[in-house]
Structure formats: C-alpha cells, structure tokens
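Okay, so here's the structure we're looking at.
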Amino acid sequence: MPDETLRTMPGVTNLKKTMDGLTVLDLSDPAYGHELFELVTKNGYISTFSQQPPTLEEIFRLKAGVPNE
C-alpha cells in the first residue's frame, strides 16, 4: 500500500521509514490497529505487522511537546 494512502488513513498521526525498509505508523488510538491490519492485508500476505505501545521516552516526548527524531 502506498505511503500516501497510509498517511491519510484514520488514526494515523505519523509515518516514517526505518533504515531496513519497514514502514512505522504512529496511531492516535490503538483501536485503529485492527482496521489498518484489515486494510493492509486485504490483497494478501505482508511480511511484518507489529503493534506496540509507545515507549516511556516516546510518552515523555509527547507530554513535553518534544518532537520525535
């Protein structure tokens, strides 16, 4: 699925690419994960899908208003 499509999906607040080519989406609510999984797998297999809560550092940055790197 193209990055432009993922960026505009409900609940997506940020999209970034890792050095190993993974696409990481930040969600405004974890409940959007189920909907996103259904959409990205509707055309078949994807190699990785992982939903993880924010780290303590990410929570601190959000509360302090410090942008993620």
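Convention: chains lettered A, B, ... in structure tokens order; per-chain residue numbering from 1; ligands numbered from 1 as shown.
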
Fill in: DSSP strand (DSSP E) residues within chain A, listed as a ChimeraX atom specification
/A:12-17,23-27

Item to complete: Looking only at alpha helix (DSSP H) from DSSP on the backbone, list the matching residues of chain A as a PyMOL selection string.
Response: chain A and resi 3-7+32-41+56-64

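Close contacts of Phe49 of chain A, defined as residues with an atom at most 12 Å away when counting only C-alpha atoms, with chain neighbours fewer than 2 positions off set aside, comprise A:Leu22, A:Thr23, A:Val24, A:Leu25, A:Gly33, A:His34, A:Leu36, A:Phe37, A:Glu38, A:Leu39, A:Val40, A:Thr41, A:Tyr45, A:Ile46, A:Ser47, A:Gln51, A:Gln52.
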
Kindly save the residues from that selection, with C-alpha atoms included, as a PDB file, in the first residue's frame.
ATOM      1  CA  LEU A  22       9.946  -1.020   7.377  1.00  0.00           C
ATOM      2  CA  THR A  23       7.089   1.472   7.475  1.00  0.00           C
ATOM      3  CA  VAL A  24       6.235   2.628  11.010  1.00  0.00           C
ATOM      4  CA  LEU A  25       2.874   4.246  11.673  1.00  0.00           C
ATOM      5  CA  GLY A  33      -4.595  -1.081  14.536  1.00  0.00           C
ATOM      6  CA  HIS A  34      -7.292  -3.667  13.775  1.00  0.00           C
ATOM      7  CA  LEU A  36      -5.284  -0.898   9.494  1.00  0.00           C
ATOM      8  CA  PHE A  37      -4.358  -4.578   9.642  1.00  0.00           C
ATOM      9  CA  GLU A  38      -7.508  -5.490   7.697  1.00  0.00           C
ATOM     10  CA  LEU A  39      -6.726  -2.891   5.033  1.00  0.00           C
ATOM     11  CA  VAL A  40      -3.030  -3.684   4.535  1.00  0.00           C
ATOM     12  CA  THR A  41      -3.634  -7.440   4.329  1.00  0.00           C
ATOM     13  CA  TYR A  45       0.433 -11.524   2.732  1.00  0.00           C
ATOM     14  CA  ILE A  46       2.602  -8.885   4.378  1.00  0.00           C
ATOM     15  CA  SER A  47       5.903  -9.898   5.945  1.00  0.00           C
ATOM     16  CA  GLN A  51       1.515  -3.177  17.150  1.00  0.00           C
ATOM     17  CA  GLN A  52       3.409  -1.864  20.169  1.00  0.00           C
TER      18      GLN A  52
END

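Considering only C-alpha atoms, the residue among A:Asp26, A:Lys16, A:Gly21, A:Gly11 positioned nearest to Leu62 of chain A is A:Asp26.
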
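Coordinates place atom CA of Thr55 of chain A at a distance of 18.3 Å from atom CA of Tyr32 of chain A.
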